[in-house]
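Student: One structure follows; several queries about it will come next.
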Amino acid sequence: MALSELKIGRSAVVEGLLLPDEIQHHLMHMGFMPETLVRAVRRAPAGDPTVYAIDGMEVALRRETAQWISVRESEEGSR
Amino acid sequence: MSDCCTTATVEVASTPRIAGKIQTVALIGPPNSGKSTLFNRLTGLRQKVANYPGVTVEQHYGKLSGIDRGDLTLIDLPGIYSLSTHSEDARVAVDVLHGKMPGAPAPDAVLLVLDSLHLQRQLMLAAPILSLGLPTLVLLNMSDLMETRGGEVDTLALAQELGVPVAKISAARGTGLDAIKHFLDKKSEPAAAKPRLELPVVGNPRSYRQWATGISTRTKYKAPISSSWTRKLDSILLGRVTGPLLFLIVVFGVFQIVFSVGLPVSNAFQTLLNNAGTQVGLLLGHGWLESLLIDGIWKGVSAVLVFLPQILLLFLFVGILEDSGYLARAALIADRVMRHIGLNGKAFIPLLSAYACAVPAIMSTRTIENKRDRFATILVTPFMTCSARLPIYMLMIAAFIPNKKLLGDFFGLQAAVMLSLYVLGFLAALATARLLKSSILKASSAPFILELPQYRVPTLRSLGLRLIDRGTVFVRQAGTVILCVTLVLWVLSHIPFHADLPGSIIGHIGQWIEPVIKPLGFNWKIGIGLLSSVIAREVIVGTLGTLYGADPATQSLNLQTALRHDLTLGGAMALVVFFAFAMQCTSTLAIVRRETNSWRWPALQFTYMTVLAYVAAFATNVLVSRFF
C-alpha cells in the first residue's frame with residue numbers, strides 16, 4: 001500500500017520509493033529508507049500534509065509525495 | 001529598518017597558508033543540529049539562532065576567541081544532509097567546504113556537529129565529510145538532553161569506528177568546549193599520518209545508511225526517548241479545531257498587548273523625552289541653536305525613539321515563535337493555503353519572520369529548493385508588515401482611532417485597526433504570489449518535506465540577546481540615519497533665512513509634489529515624509545516630528561495633536577494603507593538585487609508596490625471620507 005493510505009496511529013515498514021532521484025535522496029537522508037519503521041502521527045488541521053514519525057524524527061509530507069512511498073502495514077509500533 | 005539586518009562579519013586576513021597547520025576551521029552538520037549556537041559560543045559573536053531547520057543560509061566568519069584561539073578563523077555554514085544537495089543554502093556550505101567559494105579560505109579542519117538525539121541518522125553525514133580527508137572532530141551536541149532522556153553512546157568506540165576524535169558537548173550550555181580547544185591545539189602541529197578508514201561508496205544514501213546503522217549498533221547507541229510533551233503540545237497546537245483557534249487567540253493577544261502595554265509605556269517614554277528636550281532647551285535659551293537641536297533634531301529623533309517599547313515587544317513575540325519550534329508548525333498549518341497559491345508551505349517561514357524585518361526573511365528563502373518558488377517568495381515578502389512600519393501605524397492609530405472596546409478588555413478598536421493592516425499586507429502578499437505563480441513564475445511546485453523540530457522553552461539568554469541586539473540597531477538607526485535626515489530637513493526648512501515654513505526650500509519642494517498626493521488626502525508635509533521614507537519606513541515619523549516642530553503654528557503641540565489638526569481621517573487611513581503596500585526600504589531593494597542577481601526584479605517589485613500603494617491609498621481616502 002501507499003504511505004498516504006496509512007491510518008493515523010498505525011505503523012508500517014517502508015518498502016520502496018518511486019520518486020525522482022533528487023527527492024528520493026533527500027527523503028532517504030531524512031530516514032525514509034527501505035525496511036525502516038514509519039508511523040503516521042497526525043494530519044495537519046486541513047487534513048494534509050501528514051506528520052510521520054520515522055527514525056526518532058517527525059517529518060511532514062503531502063499526500064502527493066507520500067503516495068509514491070510504498071509500505072507494508074506492521075503491527076509493531078501500531079496502536 | 002535600513003541596516004537592521006547587516007550581519008557582523010569579521011575580516012579574514014589572507015595569511016599565507018602553511019602546510020599542515022590549521023588556520024581555518026569549518027563548522028558542518030545537518031540542519032538544526034546547533035552549529036550557530038556553538039559558533040556564537042566559540043567566537044563570542046551573535047549569529048542568529050532559532051529552533052527550526054535552515055536558520056543559517058550563508059557562511060559566517062569569526063575568530064575562535066571564546067576558547068583563546070583568536071589566531072584561528074571559524075566558519076559557520078548552513079546545515080546539510082549530504083554533499084549532493086540542491087538548495088541555495090546547502091550549495092554555499094558544500095562550496096566553502098571544497099574551497100570553491102570565491103573569497104572564502106578553504107577550511108583545513110572540520111568540526112562535525114551532530115545532534116546526539118538523532119545520532120543514528122545524523123551519522124550518515126559523517127561518511128562524506130570524513131572522506132574529505134581533513135582533520136575532523138566529531139561533536140555530539142545536546143548530549144546533556146540525550147543523557148537526561150535515557151540515551152547513551154560509547155564515544156570511545158565511536159572514535160575508533162570513525163578514526164577521528166569524538167566529544168560530547170552542549171552548545172547551549174557551553175559544556176565540553178575544552179575538547180575543541182584540545183583538538184585544535186594538538187592539530188595545529190604538523191599532522192601525523194592518518195589511519196585508513198573503511199568508508200561507504202560515495203553518494204549512495206543506502207550504503208551511507210547501512211554504514212551509519214552498523215556503527216551505531218557497534219557503539220551501543222541508544223536513542224533517547226523523545227520528549228512526550230512535544231507530541232502532547234502538537235495534539236493541541238496542530239489540532240483540527242484548537243490549532244487554528246489558538247493561533248488566532250495568540251495573534252489577537254499580541255496586538256492587544258502591543259497597545260495595552262506598549263502604548264502607555266511608550267507615552268510615558270515620550271513625556272520623559274519631551275521634558276528632557278524642554279530642559280535642555282531652557283539651558284540653550286531662545287535662538288537658532290535651540291531651534292536646531294530641540295525643534296529640529298530632538299523632535300524628529302525622539303518621535304521615532306518613543307516606539308522602542310513596541311518594537312521590543314514585537315521582537316520578543318517573534319523570538320518566542322522562532323525559538324520554541326512553533327514556526328515549522330505554522331508552515332504545516334499554512335501549507336494548504338500556500339498550495340492554492342502555487343507555493344510551498346515552507347515559504348511560510350520566511351513570510352512569518354518578515355514580521356520582524358524583510359531583509360533576513362528574503363535571505364532565508366534560500367532554503368526553498370525551487371528557484372521560481374523562491375523568487376515569487378522574495379517578491380512578495382516586503383508586503384509582510386515589518387517592524388519598521390510599526391512607528392507610523394502606531395502614530396496614526398493613536399492619533400485618529402478612538403480607544404473603543406470591542407471584545408471587553410481583551411480586544412480594542414485600535415488593536416483591530418492595527419490587525420487589519422497586518423492582514424491587508426498578508427493578503428497582498430498572497431494575491432501577488434498567486435499572480436506571479438500563474439504568470440511569469442509558473443512552475444510545478446516542489447514537494448513539501450519538512451522536519452518538525454522538538455519544542456524547546458526559549459532561553460532567557462537567547463531572547464534577551466535578541467532584544468538587546470535589535471534594540472541597539474533601532475536606537476543606532478535613530479541616532480544616525482534619522483538624525484541626518486532631520487538635520488538636512490531643518491536646514492532646508494530655514495533657507496532662505498527669515499522665510500516662513502511654506503516659503504522655505506522644503507516648503508517649495510513640498511508644494512511642488514502636493515498635486516500628486518492631494519487625491520490621497522495628504523498635505524505637503526506628508527509628501528516630504530513619503531520622499532524621506534524611501535530610505536527606510538520609520539524615517540517618516542522623524543520627518544513629521546521635525547516639520548511640525550519647525551512650524552510655529554504646531555510647535556507647542558505634540559505630534560499626535562498636530563497631525564489631528566492637519567489631516568482628515570481619510571488622509572490618515574490612506575497614509576497607513578500606503579505604507580502597508582509601498583516598498584520604502586533601500587536595504588530590501590539591495591538584498592533583492594543580491595539574491596536575484598539582477599536589477600530587473602527589484603525594479604519590478606518597486607514599481608508594482610508603489611502603484612498598488614497609490615491606488616489603494618486613493619481608494620481608502622475616498623471610501624473613508626464618504627462613510628465616516
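To be explicit about the labels: the chains of the C-alpha cells are called A, B, and onward in the order shown, and within each one the residues are counted from 1, while ligands get numbers from 1 in the order they are shown.
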Please return, as a list of chain:residue names, all residues of chain B lying within 6 Å of chain A when only C-alpha atoms are considered.
Tutor: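 Selected residues: B:Gly239, B:Arg240, B:Ile333, B:Phe448, B:Ile449, B:Leu450, B:Glu451, B:Leu452.
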Student: May I have all residues of region 21-64 of chain A that DSSP, computed from the backbone, assigns to alpha helix (DSSP H), given as JSON, numbers by chain?
Tutor: {"A": [21, 22, 23, 24, 25, 26, 27, 28, 29, 63, 64]}
Student: Could you tell me how far CA of Phe579 (chain B) sits from CA of Thr610 (chain B), in Å to one decimal place?
Tutor: 9.6 Å
Student: To test your reading of the structure, identify every residue in chain A that backbone DSSP assigns to strand (DSSP E or B), and report it as a PyMOL selection string.
Tutor: chain A and resi 2+11-17+37-43+50-54+57-61+69-74
Student: Go ahead and save the picked residues with C-alpha atoms, as a JSON list (two decimals), in the first residue's frame.
Tutor:
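The resulting file, result.json, is reproduced below:
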[["chain", "number", "residue", "atom", "x", "y", "z"],
["A", 2, "ALA", "CA", 0.99, 3.66, -0.25],
["A", 11, "SER", "CA", 2.83, 1.82, 11.69],
["A", 12, "ALA", "CA", 4.31, 0.37, 8.54],
["A", 13, "VAL", "CA", 7.62, -0.70, 7.10],
["A", 14, "VAL", "CA", 8.96, 1.25, 4.14],
["A", 15, "GLU", "CA", 9.33, -0.94, 1.03],
["A", 16, "GLY", "CA", 10.44, 1.47, -1.65],
["A", 17, "LEU", "CA", 10.32, 4.97, -3.03],
["A", 37, "LEU", "CA", 9.55, 1.58, 10.55],
["A", 38, "VAL", "CA", 7.32, 4.63, 9.95],
["A", 39, "ARG", "CA", 4.25, 5.75, 11.87],
["A", 40, "ALA", "CA", 1.52, 8.16, 10.84],
["A", 41, "VAL", "CA", 1.32, 10.58, 13.78],
["A", 42, "ARG", "CA", -1.26, 13.19, 12.82],
["A", 43, "ARG", "CA", -2.67, 15.20, 9.98],
["A", 50, "THR", "CA", 0.56, 14.37, 7.39],
["A", 51, "VAL", "CA", 3.21, 14.13, 10.09],
["A", 52, "TYR", "CA", 5.16, 10.84, 10.08],
["A", 53, "ALA", "CA", 7.44, 9.63, 12.83],
["A", 54, "ILE", "CA", 10.49, 7.96, 11.38],
["A", 57, "MET", "CA", 12.13, 12.41, 13.99],
["A", 58, "GLU", "CA", 8.86, 13.87, 12.82],
["A", 59, "VAL", "CA", 8.66, 14.73, 9.14],
["A", 60, "ALA", "CA", 5.67, 16.26, 7.36],
["A", 61, "LEU", "CA", 4.80, 15.13, 3.82],
["A", 69, "ILE", "CA", 6.29, 5.68, -0.95],
["A", 70, "SER", "CA", 5.22, 2.05, -0.75],
["A", 71, "VAL", "CA", 4.89, 0.42, 2.66],
["A", 72, "ARG", "CA", 3.52, -2.73, 4.24],
["A", 73, "GLU", "CA", 1.49, -2.34, 7.39],
["A", 74, "SER", "CA", 3.08, -3.63, 10.55]]
Student: Using only C-alpha atoms, which residue out of B:Ile294, B:Leu407, B:Ile397, B:Met418 lies closest to Leu563 (chain B)?
Tutor: B:Ile397
Student: Counting only C-alpha atoms, which of B:Leu245, B:Gly503, B:Arg206, B:Val304 gets nearest to Arg476 (chain B)?
Tutor: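 Using only C-alpha atoms, Arg476 (chain B) sits closest to B:Val304.
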Student: Would you work out the distance separating CA of Glu75 (chain A) from CA of His118 (chain B), expressed in Å to one decimal?
Tutor: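 Between CA of Glu75 (chain A) and CA of His118 (chain B) the gap works out to 23.8 Å.
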Student: If you measure from CA of Met124 (chain B) to CA of Gln59 (chain B), what distance in Å do you get, rounded to one decimal?
Tutor: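 Computed distance, CA of Met124 (chain B) to CA of Gln59 (chain B), equals 22.3 Å.
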Student: Determine the nearest neighbour of Gly464 (chain B) from the options B:Gly262, B:Gly163, B:Gly570, B:Gly319, counting only C-alpha atoms.
Tutor: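 Using only C-alpha atoms, the shortest distance to Gly464 (chain B) belongs to B:Gly319.
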Student: What's around Ala446 (chain B) at 7 Å? Count only C-alpha atoms, leave out sequence neighbours fewer than 2 positions away in its own chain, and write the answer as a PyMOL selection string.
Tutor: chain B and resi 344+370+444+448
Student: Would you write out those residues with N, CA and C atoms, as an mmCIF file, in the first residue's frame?
Tutor:
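Below you can see out_0.cif, which holds the result:
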data_model
loop_
_atom_site.group_PDB
_atom_site.id
_atom_site.type_symbol
_atom_site.label_atom_id
_atom_site.label_comp_id
_atom_site.auth_asym_id
_atom_site.auth_seq_id
_atom_site.Cartn_x
_atom_site.Cartn_y
_atom_site.Cartn_z
ATOM 1 N N ASN B 344 4.910 26.575 -1.792
ATOM 2 C CA ASN B 344 5.151 25.507 -0.859
ATOM 3 C C ASN B 344 4.937 26.037 0.557
ATOM 4 N N ASN B 370 13.042 25.122 -5.140
ATOM 5 C CA ASN B 370 12.615 25.511 -6.477
ATOM 6 C C ASN B 370 12.860 26.995 -6.706
ATOM 7 N N SER B 444 5.847 23.813 -11.678
ATOM 8 C CA SER B 444 5.240 22.816 -10.814
ATOM 9 C C SER B 444 5.891 22.969 -9.446
ATOM 10 N N PHE B 448 6.724 19.126 -0.570
ATOM 11 C CA PHE B 448 6.809 19.688 0.771
ATOM 12 C C PHE B 448 7.370 18.617 1.693
#
